[in-house]
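Enquirer: Next up is a structure, given as structure tokens.
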Amino acid sequence: MFYLIGGVATLLFILVMIVFKEKPKYPPSRAQSLSYALSSPDASYLSSIVRLFKNLNFVLLVITYGLNAGAFYALSTLLNRMVILHYPGEEVNAGRIGLTIILAGMLGAMISGIWLDKSKTYKETTLVVYIMALVGMVVYTLTLNLGHLWVVFITAGTLGFFMTGYLPLGFEFAVELTYPESEGISSGLLNVSAQVFGIIFTISQGQIIDNYGTIPGNIFLCVFLMLGVALTAFIRADLRRQKANKETPEIKPQEEEEEEEESNTSKVPATVSEERL
């Protein structure tokens, strides 16, 4: 298994070194073009972080993203323990439930990304998916001990669909709220928040499960997901990148060359007809 993982990782490393480029030849949008123009090689990483933390909407998103992703990490880590407690001897199916969560999450991430690209409803989509993740967590908590393993497959898959589907939404929403700051910095802060909350939730839920059972442990996550929904509702949809695209229409390189030729020809004095004189 580890040789296989190492082989795939090595292949990806080679592809990144050979195929990947730092940036495209032409900026993909007007907002990205302006971002390139505004960026400075002398810009301080620390000063950028300070500016981001002065952005209240982004700070709220960092917290809500961490709560959602941290709950997902805790659930994934402790899934085997929870399933075995209610369904002894079902270690193989516990792994299959985890696989179901991953596959459903991949589908959810793809669908949410397509929908966001077409609708541009960043806050609305993020809030709805967050609410559905909370609902999925509640249903999973109430049905885990019913004694029907197929029900756990369905509820866990649904939960994974919305929890993982939220992750790309959070990254895209962060870029909108922090434009023209570097996407790498905002994404990095989101990942830090997710890891911190993931560690806290995993340890805390594990202790709760050991002392009180799986239902109190899952209720613990439900409470924080509810807090995340409430904080998400307070985020103002300040879509800076979309505003930058709308304020100045996007001009393709071929169109820019045509405009330059027209401007050059317009500078040549035109003869005035006798009738107009």
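Labels used: A, B, ... for chains in the order of the structure tokens, numbers from 1 for residues in each chain, and numbers from 1 for ligands as shown.
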Which residues of range 39-104 of chain A come within 9 Å of range 225-242 of chain A, and what is each one's closest atom pair and distance in Å (one decimal), counting only C-alpha atoms, sorted by chain and residue number, as CSV?
Expert:
```
residue,atom,partner,partner_atom,distance
A:Leu56,CA,A:Ile235,CA,8.2
A:Asn57,CA,A:Ile235,CA,5.2
A:Phe58,CA,A:Ile235,CA,8.0
A:Leu60,CA,A:Leu231,CA,6.5
A:Leu61,CA,A:Thr232,CA,6.9
A:Ile63,CA,A:Gly228,CA,7.6
A:Thr64,CA,A:Gly228,CA,4.7
A:Tyr65,CA,A:Gly228,CA,7.8
A:Gly66,CA,A:Gly228,CA,8.8
A:Leu67,CA,A:Gly228,CA,6.2
A:Asn68,CA,A:Leu225,CA,6.3
A:Ala71,CA,A:Leu225,CA,7.6
```
Enquirer: Just checking: using only C-alpha atoms, which residue out of A:Thr143, A:Thr10, A:Ser47, A:Ser186 ends up closest to His86 in chain A?
Expert: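 The closest residue to His86 in chain A is A:Thr143.
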Enquirer: Between A:Val175, A:Ile185, A:Tyr140, A:Leu169, which has the minimum distance to Glu124 in chain A (counting only C-alpha atoms)?
Expert: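 Once distances to Glu124 in chain A are computed over only C-alpha atoms, the minimum belongs to A:Leu169.
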Enquirer: Can you tell me, as a short mmCIF file (atom, residue, chain, number, x, y, z; two decimals) with N, CA, C and O atoms, in the first residue's frame, what residues are no more than 12 Å from Phe201 in chain A when counting only C-alpha atoms, ignoring any on the same chain fewer than 6 positions away?
Expert:
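out-v8.cif, written as the output of this step:
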```
data_model
loop_
_atom_site.label_atom_id
_atom_site.label_comp_id
_atom_site.auth_asym_id
_atom_site.auth_seq_id
_atom_site.Cartn_x
_atom_site.Cartn_y
_atom_site.Cartn_z
N GLY A 66 -13.23 26.59 9.92
CA GLY A 66 -12.55 25.71 10.86
C GLY A 66 -13.52 24.83 11.63
O GLY A 66 -13.24 23.64 11.87
N LEU A 67 -14.67 25.38 12.00
CA LEU A 67 -15.67 24.58 12.71
C LEU A 67 -16.20 23.45 11.85
O LEU A 67 -16.33 22.30 12.31
N ASN A 68 -16.50 23.74 10.59
CA ASN A 68 -17.03 22.71 9.70
C ASN A 68 -15.98 21.65 9.37
O ASN A 68 -16.21 20.45 9.52
N ALA A 69 -14.81 22.11 8.92
CA ALA A 69 -13.76 21.16 8.55
C ALA A 69 -13.26 20.39 9.77
O ALA A 69 -12.98 19.19 9.68
N GLY A 70 -13.16 21.06 10.92
CA GLY A 70 -12.72 20.38 12.13
C GLY A 70 -13.69 19.30 12.56
O GLY A 70 -13.27 18.20 12.98
N ALA A 71 -15.00 19.57 12.44
CA ALA A 71 -16.00 18.54 12.75
C ALA A 71 -15.89 17.37 11.79
O ALA A 71 -16.03 16.20 12.19
N PHE A 72 -15.62 17.66 10.52
CA PHE A 72 -15.46 16.59 9.53
C PHE A 72 -14.23 15.74 9.84
O PHE A 72 -14.27 14.50 9.75
N TYR A 73 -13.12 16.39 10.21
CA TYR A 73 -11.91 15.64 10.55
C TYR A 73 -12.15 14.74 11.77
O TYR A 73 -11.71 13.59 11.81
N ALA A 74 -12.82 15.28 12.79
CA ALA A 74 -13.10 14.50 13.99
C ALA A 74 -14.00 13.31 13.67
O ALA A 74 -13.76 12.19 14.14
N LEU A 75 -15.04 13.57 12.87
CA LEU A 75 -15.95 12.50 12.50
C LEU A 75 -15.22 11.40 11.73
O LEU A 75 -15.41 10.20 12.00
N SER A 76 -14.38 11.77 10.79
CA SER A 76 -13.66 10.79 9.99
C SER A 76 -12.67 9.99 10.84
O SER A 76 -12.52 8.78 10.66
N THR A 77 -12.01 10.66 11.77
CA THR A 77 -11.02 9.98 12.61
C THR A 77 -11.67 8.98 13.56
O THR A 77 -11.15 7.88 13.78
N LEU A 78 -12.82 9.36 14.12
CA LEU A 78 -13.48 8.54 15.13
C LEU A 78 -14.59 7.66 14.56
O LEU A 78 -15.31 7.01 15.33
N SER A 193 -6.85 27.00 10.40
CA SER A 193 -8.04 26.96 11.23
C SER A 193 -8.65 25.56 11.26
O SER A 193 -9.04 25.06 12.32
N ALA A 194 -8.72 24.92 10.09
CA ALA A 194 -9.29 23.57 10.02
C ALA A 194 -8.47 22.58 10.84
O ALA A 194 -9.04 21.74 11.56
N GLN A 195 -7.14 22.67 10.77
CA GLN A 195 -6.29 21.75 11.51
C GLN A 195 -6.42 21.98 13.02
O GLN A 195 -6.48 21.01 13.81
N GLN A 207 -12.82 11.92 24.02
CA GLN A 207 -13.01 11.83 25.46
C GLN A 207 -14.49 11.69 25.82
O GLN A 207 -14.87 10.92 26.72
N ILE A 208 -15.35 12.43 25.11
CA ILE A 208 -16.78 12.35 25.38
C ILE A 208 -17.33 10.96 25.06
O ILE A 208 -18.13 10.39 25.81
N ILE A 209 -16.89 10.40 23.93
CA ILE A 209 -17.34 9.05 23.55
C ILE A 209 -16.89 8.02 24.58
O ILE A 209 -17.66 7.13 24.97
N GLY A 217 -21.17 12.59 22.09
CA GLY A 217 -20.03 13.05 21.29
C GLY A 217 -20.46 13.70 19.99
O GLY A 217 -19.90 14.72 19.58
N ASN A 218 -21.46 13.13 19.34
CA ASN A 218 -21.95 13.72 18.09
C ASN A 218 -22.75 15.00 18.35
O ASN A 218 -22.73 15.92 17.54
N ILE A 219 -23.46 15.04 19.48
CA ILE A 219 -24.17 16.27 19.84
C ILE A 219 -23.17 17.41 20.05
O ILE A 219 -23.45 18.57 19.71
N PHE A 220 -22.02 17.07 20.59
CA PHE A 220 -20.94 18.05 20.77
C PHE A 220 -20.59 18.70 19.44
O PHE A 220 -20.45 19.94 19.34
N LEU A 221 -20.47 17.90 18.37
CA LEU A 221 -20.17 18.45 17.05
C LEU A 221 -21.35 19.23 16.49
O LEU A 221 -21.18 20.27 15.84
N CYS A 222 -22.57 18.76 16.76
CA CYS A 222 -23.77 19.46 16.27
C CYS A 222 -23.85 20.88 16.84
O CYS A 222 -24.24 21.82 16.13
N VAL A 223 -23.49 21.03 18.10
CA VAL A 223 -23.53 22.35 18.73
C VAL A 223 -22.60 23.32 18.02
O VAL A 223 -22.97 24.47 17.72
N PHE A 224 -21.40 22.87 17.70
CA PHE A 224 -20.44 23.76 17.04
C PHE A 224 -20.81 24.00 15.58
O PHE A 224 -20.53 25.08 15.04
N LEU A 225 -21.42 23.03 14.94
CA LEU A 225 -21.91 23.28 13.58
C LEU A 225 -23.04 24.30 13.59
O LEU A 225 -23.13 25.14 12.68
#
```
Enquirer: Have a look at A:Asp210, A:Leu190, A:Glu172, A:Gly184 and name the one nearest to Ile114 in chain A; count only C-alpha atoms.
Expert: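 When distances to Ile114 in chain A are compared using only C-alpha atoms, the smallest one comes from A:Glu172.
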